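Visitor: Contents are mmCIF, C-alpha atoms; file name final_21.cif:
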```
data_work
loop_
_atom_site.label_atom_id
_atom_site.label_comp_id
_atom_site.auth_asym_id
_atom_site.auth_seq_id
_atom_site.Cartn_x
_atom_site.Cartn_y
_atom_site.Cartn_z
CA MET A 30 13.78 8.86 -30.02
CA GLN A 31 11.66 11.66 -28.54
CA TYR A 32 7.97 11.97 -29.27
CA GLU A 33 5.68 14.94 -28.86
CA LEU A 34 3.23 14.92 -25.99
CA ALA A 35 -0.39 15.76 -26.66
CA PRO A 36 -1.92 18.87 -25.02
CA TYR A 37 -3.95 16.64 -22.68
CA ALA A 38 -0.91 14.72 -21.39
CA ALA A 39 0.25 15.05 -17.79
CA LEU A 40 3.38 17.20 -17.81
CA ALA A 41 6.18 16.35 -15.41
CA ASN A 42 7.40 19.95 -15.28
CA ARG A 43 3.93 21.01 -14.12
CA SER A 44 3.50 18.33 -11.49
CA ARG A 45 1.63 19.31 -8.35
CA GLY A 46 4.68 18.12 -6.46
CA ARG A 47 5.45 15.69 -3.67
CA PHE A 48 4.09 15.47 -0.13
CA THR A 49 7.61 16.13 1.17
CA PRO A 50 9.26 18.73 -1.12
CA GLU A 51 12.50 17.63 -2.78
CA PRO A 52 14.96 19.23 -5.19
CA GLU A 53 14.36 18.26 -8.80
CA SER A 54 16.74 15.83 -10.48
CA PRO A 55 19.06 17.29 -13.14
CA THR A 56 18.85 14.11 -15.26
CA ARG A 57 15.35 12.67 -14.78
CA SER A 58 11.82 14.04 -14.88
CA ALA A 59 9.61 13.80 -11.80
CA PHE A 60 7.68 10.90 -13.34
CA GLN A 61 10.87 9.05 -14.29
CA ARG A 62 11.98 9.27 -10.67
CA ASP A 63 8.61 7.86 -9.57
CA ARG A 64 9.01 4.93 -11.94
CA ASP A 65 12.52 4.25 -10.72
CA ARG A 66 11.53 4.43 -7.06
CA VAL A 67 8.78 1.87 -7.64
CA LEU A 68 11.14 -0.36 -9.60
CA HIS A 69 13.77 -0.32 -6.84
CA SER A 70 11.34 -0.82 -3.95
CA ALA A 71 11.32 -3.94 -1.81
CA ALA A 72 7.58 -4.30 -2.38
CA PHE A 73 8.15 -4.52 -6.14
CA ARG A 74 10.81 -7.21 -5.76
CA ARG A 75 8.48 -9.29 -3.60
CA LEU A 76 6.00 -9.48 -6.48
CA MET A 77 8.35 -12.05 -8.02
CA HIS A 78 7.05 -14.64 -5.56
CA LYS A 79 3.42 -13.57 -5.30
CA THR A 80 0.69 -15.53 -7.05
CA GLN A 81 -1.49 -14.47 -9.94
CA VAL A 82 -3.67 -17.59 -10.17
CA PHE A 83 -1.27 -20.49 -9.61
CA VAL A 84 0.78 -20.99 -6.46
CA SER A 85 4.53 -21.08 -7.09
CA HIS A 86 4.97 -24.83 -6.53
CA GLU A 87 2.76 -25.59 -9.55
CA GLY A 88 5.41 -24.58 -12.08
CA ASP A 89 8.01 -22.00 -13.06
CA HIS A 90 6.31 -20.74 -16.21
CA TYR A 91 3.06 -19.35 -14.81
CA ARG A 92 2.66 -15.62 -14.32
CA THR A 93 3.47 -14.02 -11.01
CA ARG A 94 2.51 -10.52 -9.88
CA LEU A 95 5.92 -9.36 -11.09
CA THR A 96 5.71 -10.78 -14.61
CA HIS A 97 2.12 -9.55 -14.83
CA SER A 98 3.20 -6.02 -13.82
CA LEU A 99 5.93 -6.03 -16.47
CA GLU A 100 3.45 -7.14 -19.13
CA VAL A 101 1.01 -4.42 -18.05
CA ALA A 102 3.80 -1.85 -18.28
CA GLN A 103 4.72 -2.94 -21.81
CA ILE A 104 1.13 -2.73 -23.04
CA ALA A 105 0.54 0.55 -21.22
CA ARG A 106 3.65 2.15 -22.70
CA ALA A 107 2.61 1.15 -26.22
CA ILE A 108 -0.86 2.66 -25.82
CA SER A 109 0.43 5.76 -24.04
CA ARG A 110 2.98 6.55 -26.73
CA THR A 111 0.41 6.13 -29.49
CA LEU A 112 -1.97 8.55 -27.74
CA GLY A 113 0.72 11.13 -26.98
CA LEU A 114 0.55 10.66 -23.23
CA ASP A 115 3.47 10.71 -20.79
CA GLU A 116 5.02 7.26 -21.04
CA ASP A 117 6.98 7.55 -17.77
CA LEU A 118 3.94 8.34 -15.63
CA THR A 119 2.02 5.54 -17.34
CA GLU A 120 4.85 3.10 -16.67
CA ALA A 121 5.18 4.16 -13.02
CA LEU A 122 1.49 3.47 -12.48
CA ALA A 123 1.57 0.16 -14.36
CA LEU A 124 4.50 -1.08 -12.27
CA ALA A 125 2.94 0.10 -8.99
CA HIS A 126 -0.64 -1.06 -9.48
CA ASP A 127 -0.19 -4.48 -7.80
CA LEU A 128 2.13 -3.51 -4.94
CA GLY A 129 -0.63 -3.92 -2.37
CA HIS A 130 -1.61 -7.49 -3.21
CA THR A 131 -1.32 -10.22 -0.58
CA PRO A 132 0.21 -13.66 -1.08
CA PHE A 133 -2.04 -16.19 -2.88
CA GLY A 134 -3.80 -13.67 -5.11
CA HIS A 135 -7.39 -12.62 -4.56
CA ALA A 136 -7.99 -15.62 -2.29
CA GLY A 137 -5.43 -14.23 0.16
CA GLU A 138 -6.95 -10.76 -0.10
CA HIS A 139 -10.45 -12.02 0.65
CA MET A 140 -9.29 -13.91 3.73
CA LEU A 141 -7.23 -11.00 5.06
CA ASP A 142 -10.24 -8.74 4.54
CA GLN A 143 -12.32 -11.16 6.64
CA CYS A 144 -9.69 -11.22 9.36
CA MET A 145 -9.66 -7.41 9.45
CA ARG A 146 -13.40 -6.95 9.74
CA GLY A 147 -13.95 -4.66 12.67
CA TYR A 148 -10.59 -2.99 11.99
CA GLY A 149 -11.26 -1.35 8.63
CA GLY A 150 -10.95 -4.42 6.41
CA PHE A 151 -8.32 -4.93 3.73
CA ASP A 152 -8.19 -3.44 0.22
CA HIS A 153 -5.23 -3.94 -2.10
CA ASN A 154 -5.47 -0.43 -3.61
CA ALA A 155 -5.42 1.12 -0.15
CA GLN A 156 -2.53 -1.18 0.77
CA ALA A 157 -0.57 -0.02 -2.28
CA LEU A 158 -1.04 3.56 -1.06
CA ARG A 159 0.16 2.55 2.44
CA ILE A 160 3.25 0.97 0.91
CA VAL A 161 4.28 3.99 -1.17
CA THR A 162 3.43 6.56 1.53
CA ARG A 163 4.39 4.75 4.76
CA LEU A 164 5.62 1.18 4.74
CA GLU A 165 8.65 1.44 2.44
CA ARG A 166 11.43 2.80 4.62
CA ARG A 167 14.48 3.52 2.49
CA TYR A 168 14.96 7.27 2.47
CA ALA A 169 16.37 9.47 5.23
CA ALA A 170 13.91 12.34 4.81
CA PHE A 171 10.57 10.50 4.63
CA ASP A 172 8.69 7.22 4.93
CA GLY A 173 7.38 5.65 1.75
CA LEU A 174 8.59 6.60 -1.72
CA ASN A 175 7.38 10.24 -1.73
CA LEU A 176 5.86 9.90 -5.19
CA THR A 177 4.35 12.80 -7.10
CA TRP A 178 0.73 13.84 -6.70
CA GLU A 179 -0.03 12.56 -10.19
CA THR A 180 1.24 9.06 -9.45
CA LEU A 181 -0.60 8.86 -6.14
CA GLU A 182 -3.79 10.13 -7.77
CA GLY A 183 -3.54 7.48 -10.46
CA LEU A 184 -2.79 4.75 -7.96
CA VAL A 185 -5.90 5.55 -5.91
CA LYS A 186 -8.49 6.22 -8.63
CA HIS A 187 -7.22 4.63 -11.84
CA ASN A 188 -10.63 2.96 -12.25
CA GLY A 189 -12.54 6.21 -11.84
CA PRO A 190 -13.83 8.53 -9.08
CA ILE A 191 -14.15 6.92 -5.65
CA ALA A 192 -16.16 9.69 -4.00
CA ASP A 193 -18.92 12.13 -4.92
CA SER A 194 -18.39 15.88 -4.82
CA ASP A 195 -19.74 15.94 -1.26
CA GLY A 196 -17.25 13.28 -0.15
CA THR A 197 -19.70 10.36 -0.15
CA PRO A 198 -17.85 7.14 -1.09
CA ALA A 199 -18.60 6.02 -4.64
CA GLY A 200 -17.57 3.40 -7.15
CA PRO A 201 -16.06 0.30 -5.53
CA TYR A 202 -16.38 1.89 -2.08
CA ALA A 203 -20.03 2.95 -2.31
CA GLN A 204 -21.09 0.17 0.07
CA SER A 205 -18.00 -0.43 2.19
CA GLY A 206 -16.84 3.17 2.61
CA LEU A 207 -13.41 4.55 1.85
CA PRO A 208 -10.50 2.65 3.39
CA VAL A 209 -8.86 4.67 6.14
CA ALA A 210 -5.51 4.67 4.33
CA ILE A 211 -7.11 6.47 1.39
CA SER A 212 -9.35 8.88 3.28
CA ASP A 213 -6.59 9.93 5.69
CA PHE A 214 -3.94 10.51 3.06
CA ALA A 215 -6.36 12.17 0.62
CA GLY A 216 -7.24 14.59 3.38
CA ALA A 217 -3.60 15.47 3.96
CA PHE A 218 -2.65 15.64 0.26
CA GLU A 219 -5.86 16.48 -1.61
CA LEU A 220 -6.26 13.85 -4.34
CA ALA A 221 -9.58 15.06 -5.81
CA LEU A 222 -11.32 11.73 -5.23
CA ASP A 223 -14.46 12.90 -7.07
CA THR A 224 -12.82 13.23 -10.51
CA TYR A 225 -11.31 10.88 -13.02
CA ALA A 226 -7.56 10.47 -13.00
CA SER A 227 -5.23 11.41 -15.83
CA GLY A 228 -5.26 9.68 -19.20
CA GLU A 229 -2.02 8.00 -18.17
CA ALA A 230 -3.70 6.37 -15.16
CA GLN A 231 -6.63 5.27 -17.30
CA VAL A 232 -4.23 3.67 -19.79
CA ALA A 233 -2.48 1.76 -17.00
CA ALA A 234 -5.86 0.46 -15.78
CA ILE A 235 -7.04 -0.78 -19.17
CA ALA A 236 -3.62 -2.31 -19.89
CA ASP A 237 -4.14 -4.35 -16.71
CA ASP A 238 -7.38 -5.74 -18.16
CA ILE A 239 -5.70 -6.60 -21.47
CA ALA A 240 -2.75 -8.32 -19.82
CA TYR A 241 -5.01 -10.30 -17.48
CA ASN A 242 -7.11 -11.71 -20.31
CA ALA A 243 -4.17 -12.61 -22.49
CA HIS A 244 -1.98 -14.30 -19.90
CA ASP A 245 -4.87 -16.09 -18.23
CA ILE A 246 -5.70 -17.73 -21.57
CA ASP A 247 -2.05 -18.74 -21.85
CA ASP A 248 -1.75 -19.98 -18.25
CA GLY A 249 -5.09 -21.78 -18.35
CA LEU A 250 -4.04 -23.68 -21.48
CA ARG A 251 -0.61 -24.43 -20.01
CA ALA A 252 -2.25 -25.85 -16.87
CA GLY A 253 -4.67 -27.99 -18.84
CA LEU A 254 -7.74 -26.35 -17.29
CA PHE A 255 -9.21 -26.07 -20.79
CA ASP A 256 -8.02 -26.90 -24.30
CA VAL A 257 -7.41 -24.76 -27.36
CA ILE A 258 -10.52 -26.17 -29.04
CA ASP A 259 -12.61 -24.81 -26.13
CA LEU A 260 -11.73 -21.28 -27.24
CA GLY A 261 -13.45 -21.74 -30.62
CA ASP A 262 -16.74 -20.11 -29.65
CA VAL A 263 -15.31 -17.58 -27.18
CA PRO A 264 -15.21 -13.98 -28.47
CA LEU A 265 -11.77 -12.49 -29.06
CA ALA A 266 -9.93 -15.74 -28.35
CA GLY A 267 -11.99 -17.77 -30.83
CA GLU A 268 -11.60 -15.14 -33.54
CA ALA A 269 -7.85 -14.98 -32.98
CA LEU A 270 -7.58 -18.77 -32.99
CA SER A 271 -9.52 -19.02 -36.26
CA GLU A 272 -7.20 -16.49 -37.87
CA VAL A 273 -4.10 -18.43 -36.82
CA LEU A 274 -5.51 -21.76 -38.01
CA LYS A 275 -6.26 -20.25 -41.43
CA SER A 276 -2.96 -18.45 -41.88
CA CYS A 277 -0.69 -21.07 -40.27
CA PRO A 278 -2.25 -24.54 -40.75
CA GLY A 279 -0.50 -27.40 -38.97
CA LEU A 280 1.18 -25.15 -36.42
CA GLU A 281 2.37 -27.03 -33.31
CA ARG A 282 0.48 -26.32 -30.11
CA PRO A 283 2.92 -23.97 -28.29
CA ARG A 284 3.19 -21.72 -31.35
CA LEU A 285 -0.56 -21.92 -31.92
CA VAL A 286 -1.23 -20.74 -28.37
CA HIS A 287 1.29 -17.91 -28.56
CA GLU A 288 0.04 -16.68 -31.93
CA THR A 289 -3.53 -16.74 -30.62
CA VAL A 290 -2.67 -14.80 -27.46
CA ARG A 291 -0.64 -12.14 -29.27
CA ARG A 292 -3.55 -11.53 -31.65
CA VAL A 293 -5.89 -11.11 -28.70
CA ILE A 294 -3.55 -8.47 -27.26
CA SER A 295 -3.19 -6.67 -30.60
CA THR A 296 -6.95 -6.62 -31.15
CA MET A 297 -7.63 -5.17 -27.73
CA ILE A 298 -4.89 -2.54 -28.01
CA GLY A 299 -6.11 -1.51 -31.45
CA ASP A 300 -9.65 -1.14 -30.17
CA VAL A 301 -8.58 0.95 -27.16
CA VAL A 302 -6.57 3.29 -29.38
CA ALA A 303 -9.44 3.70 -31.85
CA GLU A 304 -12.15 4.22 -29.21
CA THR A 305 -9.99 6.55 -27.14
CA GLY A 306 -9.17 8.56 -30.26
CA ARG A 307 -12.90 8.90 -30.96
CA ARG A 308 -13.58 10.08 -27.40
CA LEU A 309 -10.69 12.52 -27.50
CA ARG A 310 -11.95 14.07 -30.72
CA GLN A 311 -15.40 14.41 -29.21
CA ALA A 312 -14.24 15.92 -25.92
CA ASP A 313 -11.37 17.94 -27.42
CA PRO A 314 -9.47 18.28 -24.12
CA ALA A 315 -6.86 21.03 -24.05
CA SER A 316 -5.16 19.85 -20.85
CA VAL A 317 -4.98 17.01 -18.37
CA GLU A 318 -7.41 18.96 -16.20
CA ASP A 319 -9.97 18.70 -18.99
CA ILE A 320 -9.50 14.91 -18.91
CA ARG A 321 -10.13 14.88 -15.16
CA ALA A 322 -13.24 17.07 -15.51
CA LEU A 323 -15.03 14.73 -17.94
CA ASP A 324 -18.02 12.75 -16.69
CA MET A 325 -16.77 9.54 -18.29
CA PRO A 326 -13.40 7.85 -18.86
CA VAL A 327 -11.62 8.91 -22.01
CA VAL A 328 -9.62 5.66 -22.30
CA ALA A 329 -11.95 2.74 -22.99
CA PHE A 330 -12.91 -0.22 -25.15
CA SER A 331 -15.60 0.23 -27.77
CA ALA A 332 -19.04 -1.07 -26.78
CA GLN A 333 -18.61 -4.05 -29.11
CA LEU A 334 -15.25 -5.09 -27.71
CA ALA A 335 -16.35 -4.44 -24.13
CA GLU A 336 -19.12 -7.00 -24.64
CA LYS A 337 -16.70 -9.52 -26.15
CA ASN A 338 -14.38 -8.92 -23.23
CA ARG A 339 -17.22 -9.53 -20.78
CA VAL A 340 -17.99 -12.90 -22.37
CA LEU A 341 -14.31 -13.88 -22.45
CA GLN A 342 -13.96 -13.03 -18.77
CA GLY A 343 -17.03 -15.12 -18.04
CA PHE A 344 -15.40 -18.08 -19.81
CA LEU A 345 -12.20 -17.65 -17.80
CA ARG A 346 -14.18 -17.33 -14.58
CA ARG A 347 -16.01 -20.60 -15.20
CA ARG A 348 -13.19 -22.63 -16.67
CA MET A 349 -10.20 -21.26 -14.76
CA TYR A 350 -10.83 -19.20 -11.61
CA ARG A 351 -13.61 -21.53 -10.47
CA HIS A 352 -11.98 -24.73 -11.64
CA GLU A 353 -12.05 -27.29 -8.83
CA ARG A 354 -8.26 -27.61 -8.91
CA VAL A 355 -7.74 -23.88 -8.50
CA LEU A 356 -10.46 -23.56 -5.84
CA ALA A 357 -8.98 -26.42 -3.81
CA ILE A 358 -5.53 -24.81 -3.69
CA MET A 359 -6.92 -21.38 -2.92
CA LYS A 360 -9.08 -22.73 -0.09
CA ARG A 361 -5.97 -24.18 1.51
CA ALA A 362 -4.06 -20.95 0.83
CA GLN A 363 -6.76 -19.01 2.67
CA ARG A 364 -6.22 -21.27 5.65
CA VAL A 365 -2.56 -20.21 5.68
CA ILE A 366 -3.56 -16.54 5.86
CA ARG A 367 -6.15 -17.15 8.57
CA ASP A 368 -3.80 -19.26 10.69
CA LEU A 369 -0.98 -16.72 10.43
CA TYR A 370 -3.26 -13.83 11.36
CA GLU A 371 -4.59 -15.65 14.41
CA ALA A 372 -1.11 -16.75 15.48
CA TYR A 373 0.46 -13.29 15.27
CA THR A 374 -2.55 -11.67 16.93
CA GLU A 375 -2.40 -14.07 19.87
CA ASP A 376 1.40 -13.99 20.12
CA PRO A 377 3.01 -10.91 18.50
CA ALA A 378 6.41 -12.27 19.61
CA ALA A 379 6.08 -14.72 16.71
CA MET A 380 6.70 -11.80 14.34
CA PRO A 381 10.17 -10.41 13.61
CA GLN A 382 11.47 -7.76 16.01
CA GLU A 383 10.95 -4.82 13.65
CA TRP A 384 7.26 -5.68 13.28
CA ARG A 385 6.51 -5.99 16.99
CA ARG A 386 8.39 -2.86 18.04
CA ASP A 387 6.20 -0.54 20.21
CA LEU A 388 3.23 -2.87 19.67
CA ASP A 389 2.18 -2.73 23.31
CA SER A 390 1.61 1.02 23.07
CA LEU A 391 -0.87 0.69 20.18
CA GLY A 392 -4.63 0.33 20.30
CA ASP A 393 -6.35 -2.80 19.06
CA ASP A 394 -7.03 -1.41 15.58
CA LYS A 395 -3.42 -0.37 15.00
CA ARG A 396 -2.11 -3.65 16.38
CA ALA A 397 -4.37 -5.52 13.96
CA ARG A 398 -3.21 -3.30 11.08
CA ARG A 399 0.44 -4.01 11.96
CA VAL A 400 -0.23 -7.75 11.73
CA CYS A 401 -2.14 -7.18 8.50
CA ASP A 402 0.72 -5.17 6.97
CA PHE A 403 3.19 -7.93 7.85
CA ILE A 404 1.10 -10.69 6.27
CA ALA A 405 0.13 -8.63 3.22
CA GLY A 406 3.77 -8.04 2.40
CA MET A 407 4.67 -11.74 2.44
CA THR A 408 5.48 -13.73 -0.64
CA ASP A 409 3.70 -17.06 -1.15
CA ARG A 410 6.74 -19.07 -0.17
CA TYR A 411 7.51 -16.96 2.91
CA ALA A 412 3.90 -17.36 4.10
CA LEU A 413 4.18 -21.13 3.62
CA ALA A 414 7.52 -21.21 5.43
CA GLU A 415 6.08 -19.24 8.35
CA HIS A 416 3.11 -21.58 8.52
CA ARG A 417 5.41 -24.60 8.64
CA ARG A 418 7.48 -22.92 11.36
CA LEU A 419 4.49 -22.08 13.51
CA PHE A 420 2.31 -25.14 12.92
CA ASP A 421 4.74 -27.78 11.65
CA LEU A 422 2.55 -28.63 8.67
CA ASP A 423 2.03 -27.54 5.10
CA PRO A 424 -1.70 -27.21 4.38
CA LEU A 425 -1.22 -26.94 0.63
CA PHE A 426 -0.01 -30.53 0.31
CA ARG A 427 -1.61 -32.39 3.22
#
```
As structure tokens - that is how I would like this structure written.

Guide:
Amino acid sequence: MQYELAPYAALANRSRGRFTPEPESPTRSAFQRDRDRVLHSAAFRRLMHKTQVFVSHEGDHYRTRLTHSLEVAQIARAISRTLGLDEDLTEALALAHDLGHTPFGHAGEHMLDQCMRGYGGFDHNAQALRIVTRLERRYAAFDGLNLTWETLEGLVKHNGPIADSDGTPAGPYAQSGLPVAISDFAGAFELALDTYASGEAQVAAIADDIAYNAHDIDDGLRAGLFDVIDLGDVPLAGEALSEVLKSCPGLERPRLVHETVRRVISTMIGDVVAETGRRLRQADPASVEDIRALDMPVVAFSAQLAEKNRVLQGFLRRRMYRHERVLAIMKRAQRVIRDLYEAYTEDPAAMPQEWRRDLDSLGDDKRARRVCDFIAGMTDRYALAEHRRLFDLDPLFR
């Protein structure tokens, strides 16, 4: 069933195009092709064995980067359709948003960033851009996936502007400066780093927040890091739990957890749609360019729900992300990343042939980035297998 796009939606037939021009498809829009290219990429497949919070050996039912990305895409599509935005662009961005993550979640990212100090550091958003513009090598005419300007824009600045109008780094890069991967590509294919991205990109970003909260409640309960009763006084989760207990007394635990989590998701989606509708009526944008020109995001939680979300995230931070069990595993996982980086840097011959090709002709910074790219693309289990091969031990279980 077709639905009518709002005037402020990004229009595929008015895309600013691709870095390398290509003929249009007779059967798919430009944004549908972007979605499909992400979906069929090797980097997307590898998300199946990349950690969210729990390392793969801890169980088969915890979220991975792949299942998280699919959940984000489902939530993002639902919001996008309700708001009259382009569902295909939203889905492409939701599926691509985690492509740049390392093995072992944020713990792996932090360690790789430490290893790369002096060589530009490591940033998963910049890495996602490297993947879709350089590292995927599938097509005869270009490196990367040659995605549209709109998808690249959303990938880089889905959380808001990352530079001021004079080019000064802003937002998450105000202190560290823009990653080279972003500044170089933005210079070659002007991405307007000082404006907000499309409504579609903003929807994908907030869907990420919703999915994170919901599945981390589910995974934390499944892992026994906290109990259902602990959610009683936590905003959003406690309210949802109370509603389930009243409407379905005596419900067994697995159903109780699921019913609680789905109500959390529904509440957050409903709030985003209502608050975004209010902002749209106030701003009255006539085009996607009007969305970009605003001095605030148009897709957002209400102030009340944003505060509840902040408290919920604080609960999850204390009871889950900083739980001694999780911290112990992640500390060992960081050792894997550090050991691999040092080993490949000292002996590039330890890497596969395709990764050490022409390495001797590169400067120190590019050699370090090659090692970084190799490690960042690993799955958890491949990183562990490489560590066992190189060091004959498994630091996660010693």

Visitor: Can you tell me how far atom CA of A:Tyr350 sits from atom CA of A:Val302, in Å to one decimal?

Guide: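 For atom CA of A:Tyr350 relative to atom CA of A:Val302, the distance reads 29.0 Å.
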
Visitor: If you count only C-alpha atoms, which residues fall within 8 Å of A:Cys401, apart from same-chain ones fewer than 5 positions away, as a ChimeraX atom specification?

Guide: /A:141,145,370

Visitor: Would you save the residues from that selection as a compact mmCIF listing (two decimals), in the frame of the given file, using C-alpha atoms?

Guide:
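part.txt, freshly written:
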```txt
# COMPACT_ATOMS: atom_id res chain seq x y z
CA LEU A 141 -7.23 -11.00 5.06
CA MET A 145 -9.66 -7.41 9.45
CA TYR A 370 -3.26 -13.83 11.36
```

Visitor: Evaluate the PyMOL selection byres ((chain A and resi 232) around 8) here and jot the selected residues down as a PyMOL selection string.

Guide: chain A and resi 105+108-109+119+228-231+233-236+328

Visitor: Interatomic distance between atom CA of A:His187 and atom CA of A:Glu304?

Guide: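 If I compute the distance from atom CA of A:His187 to atom CA of A:Glu304, I get 18.1 Å.
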
Visitor: Find the residue from A:Asp319, A:Asp259, A:Glu33, A:Asp247 that sits nearest to A:Pro283; use all atoms listed in the file when measuring.

Guide: A:Asp247

Visitor: Give me the residues near A:Gly249 as a ChimeraX atom specification, where near means some atom within 10 Å (using all atoms listed in the file) and where sequence neighbours in that chain fewer than 2 positions away do not count.

Guide: /A:82-83,91,244-247,251-257,345,348-350

Visitor: List the neighbours of A:Lys360 out to 12 Å using all atoms listed in the file; skip same-chain residues closer than 3 positions along the sequence, and give me the result as an MDAnalysis selection string.

Guide: chainID A and resid 84 133:137 139:140 351 353:357 363:367 424:426

Visitor: Tell me which protein, DNA and RNA residues are within 12 Å of stretch 70-76 of chain A, counting all atoms listed in the file, leaving out same-chain ones fewer than 4 positions away, and put them as a PDB file with C-alpha atoms, in the frame of the given file.

Guide:
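So the final result, stored in result_6.pdb, reads:
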```pdb
ATOM      1  CA  ASP A  63       8.610   7.860  -9.570  1.00  0.00           C
ATOM      2  CA  ARG A  64       9.010   4.930 -11.940  1.00  0.00           C
ATOM      3  CA  ASP A  65      12.520   4.250 -10.720  1.00  0.00           C
ATOM      4  CA  ARG A  66      11.530   4.430  -7.060  1.00  0.00           C
ATOM      5  CA  THR A  80       0.690 -15.530  -7.050  1.00  0.00           C
ATOM      6  CA  GLN A  81      -1.490 -14.470  -9.940  1.00  0.00           C
ATOM      7  CA  SER A  85       4.530 -21.080  -7.090  1.00  0.00           C
ATOM      8  CA  ARG A  92       2.660 -15.620 -14.320  1.00  0.00           C
ATOM      9  CA  THR A  93       3.470 -14.020 -11.010  1.00  0.00           C
ATOM     10  CA  ARG A  94       2.510 -10.520  -9.880  1.00  0.00           C
ATOM     11  CA  LEU A  95       5.920  -9.360 -11.090  1.00  0.00           C
ATOM     12  CA  THR A  96       5.710 -10.780 -14.610  1.00  0.00           C
ATOM     13  CA  HIS A  97       2.120  -9.550 -14.830  1.00  0.00           C
ATOM     14  CA  SER A  98       3.200  -6.020 -13.820  1.00  0.00           C
ATOM     15  CA  LEU A  99       5.930  -6.030 -16.470  1.00  0.00           C
ATOM     16  CA  ALA A 121       5.180   4.160 -13.020  1.00  0.00           C
ATOM     17  CA  ALA A 123       1.570   0.160 -14.360  1.00  0.00           C
ATOM     18  CA  LEU A 124       4.500  -1.080 -12.270  1.00  0.00           C
ATOM     19  CA  ALA A 125       2.940   0.100  -8.990  1.00  0.00           C
ATOM     20  CA  HIS A 126      -0.640  -1.060  -9.480  1.00  0.00           C
ATOM     21  CA  ASP A 127      -0.190  -4.480  -7.800  1.00  0.00           C
ATOM     22  CA  LEU A 128       2.130  -3.510  -4.940  1.00  0.00           C
ATOM     23  CA  GLY A 129      -0.630  -3.920  -2.370  1.00  0.00           C
ATOM     24  CA  HIS A 130      -1.610  -7.490  -3.210  1.00  0.00           C
ATOM     25  CA  THR A 131      -1.320 -10.220  -0.580  1.00  0.00           C
ATOM     26  CA  PRO A 132       0.210 -13.660  -1.080  1.00  0.00           C
ATOM     27  CA  PHE A 133      -2.040 -16.190  -2.880  1.00  0.00           C
ATOM     28  CA  GLY A 134      -3.800 -13.670  -5.110  1.00  0.00           C
ATOM     29  CA  GLN A 156      -2.530  -1.180   0.770  1.00  0.00           C
ATOM     30  CA  ALA A 157      -0.570  -0.020  -2.280  1.00  0.00           C
ATOM     31  CA  LEU A 158      -1.040   3.560  -1.060  1.00  0.00           C
ATOM     32  CA  ARG A 159       0.160   2.550   2.440  1.00  0.00           C
ATOM     33  CA  ILE A 160       3.250   0.970   0.910  1.00  0.00           C
ATOM     34  CA  VAL A 161       4.280   3.990  -1.170  1.00  0.00           C
ATOM     35  CA  ARG A 163       4.390   4.750   4.760  1.00  0.00           C
ATOM     36  CA  LEU A 164       5.620   1.180   4.740  1.00  0.00           C
ATOM     37  CA  GLU A 165       8.650   1.440   2.440  1.00  0.00           C
ATOM     38  CA  ARG A 166      11.430   2.800   4.620  1.00  0.00           C
ATOM     39  CA  ARG A 167      14.480   3.520   2.490  1.00  0.00           C
ATOM     40  CA  TYR A 168      14.960   7.270   2.470  1.00  0.00           C
ATOM     41  CA  GLY A 173       7.380   5.650   1.750  1.00  0.00           C
ATOM     42  CA  LEU A 174       8.590   6.600  -1.720  1.00  0.00           C
ATOM     43  CA  ASN A 175       7.380  10.240  -1.730  1.00  0.00           C
ATOM     44  CA  ASP A 402       0.720  -5.170   6.970  1.00  0.00           C
ATOM     45  CA  PHE A 403       3.190  -7.930   7.850  1.00  0.00           C
ATOM     46  CA  ALA A 405       0.130  -8.630   3.220  1.00  0.00           C
ATOM     47  CA  GLY A 406       3.770  -8.040   2.400  1.00  0.00           C
ATOM     48  CA  MET A 407       4.670 -11.740   2.440  1.00  0.00           C
ATOM     49  CA  THR A 408       5.480 -13.730  -0.640  1.00  0.00           C
ATOM     50  CA  ASP A 409       3.700 -17.060  -1.150  1.00  0.00           C
ATOM     51  CA  ARG A 410       6.740 -19.070  -0.170  1.00  0.00           C
ATOM     52  CA  TYR A 411       7.510 -16.960   2.910  1.00  0.00           C
TER      53      TYR A 411
END
```

Visitor: Return as a PyMOL selection string the set of residues that the PyMOL selection byres ((chain A and resi 37-52) around 9) yields on the displayed structure.

Guide: chain A and resi 34-36+53-54+58-61+112-115+118+170-171+175-179+217-218+227-229+313-320

Visitor: Just the residues within 12 Å of stretch 385-392 of chain A, please, counting only C-alpha atoms, with nothing from its chain fewer than 6 positions along; format it as a list in words.

Guide: Tyr148, Tyr373, Thr374, Asp376, Pro377, Ala378, Ala379, Arg398, Arg399, Val400, Asp402 and Phe403 of chain A

Visitor: Could you write out that same residue set with C-alpha atoms as a PDB file, keeping the file's coordinate frame?

Guide:
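Written file, result39.pdb:
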```
ATOM      1  CA  TYR A 148     -10.590  -2.990  11.990  1.00  0.00           C
ATOM      2  CA  TYR A 373       0.460 -13.290  15.270  1.00  0.00           C
ATOM      3  CA  THR A 374      -2.550 -11.670  16.930  1.00  0.00           C
ATOM      4  CA  ASP A 376       1.400 -13.990  20.120  1.00  0.00           C
ATOM      5  CA  PRO A 377       3.010 -10.910  18.500  1.00  0.00           C
ATOM      6  CA  ALA A 378       6.410 -12.270  19.610  1.00  0.00           C
ATOM      7  CA  ALA A 379       6.080 -14.720  16.710  1.00  0.00           C
ATOM      8  CA  ARG A 398      -3.210  -3.300  11.080  1.00  0.00           C
ATOM      9  CA  ARG A 399       0.440  -4.010  11.960  1.00  0.00           C
ATOM     10  CA  VAL A 400      -0.230  -7.750  11.730  1.00  0.00           C
ATOM     11  CA  ASP A 402       0.720  -5.170   6.970  1.00  0.00           C
ATOM     12  CA  PHE A 403       3.190  -7.930   7.850  1.00  0.00           C
TER      13      PHE A 403
END
```
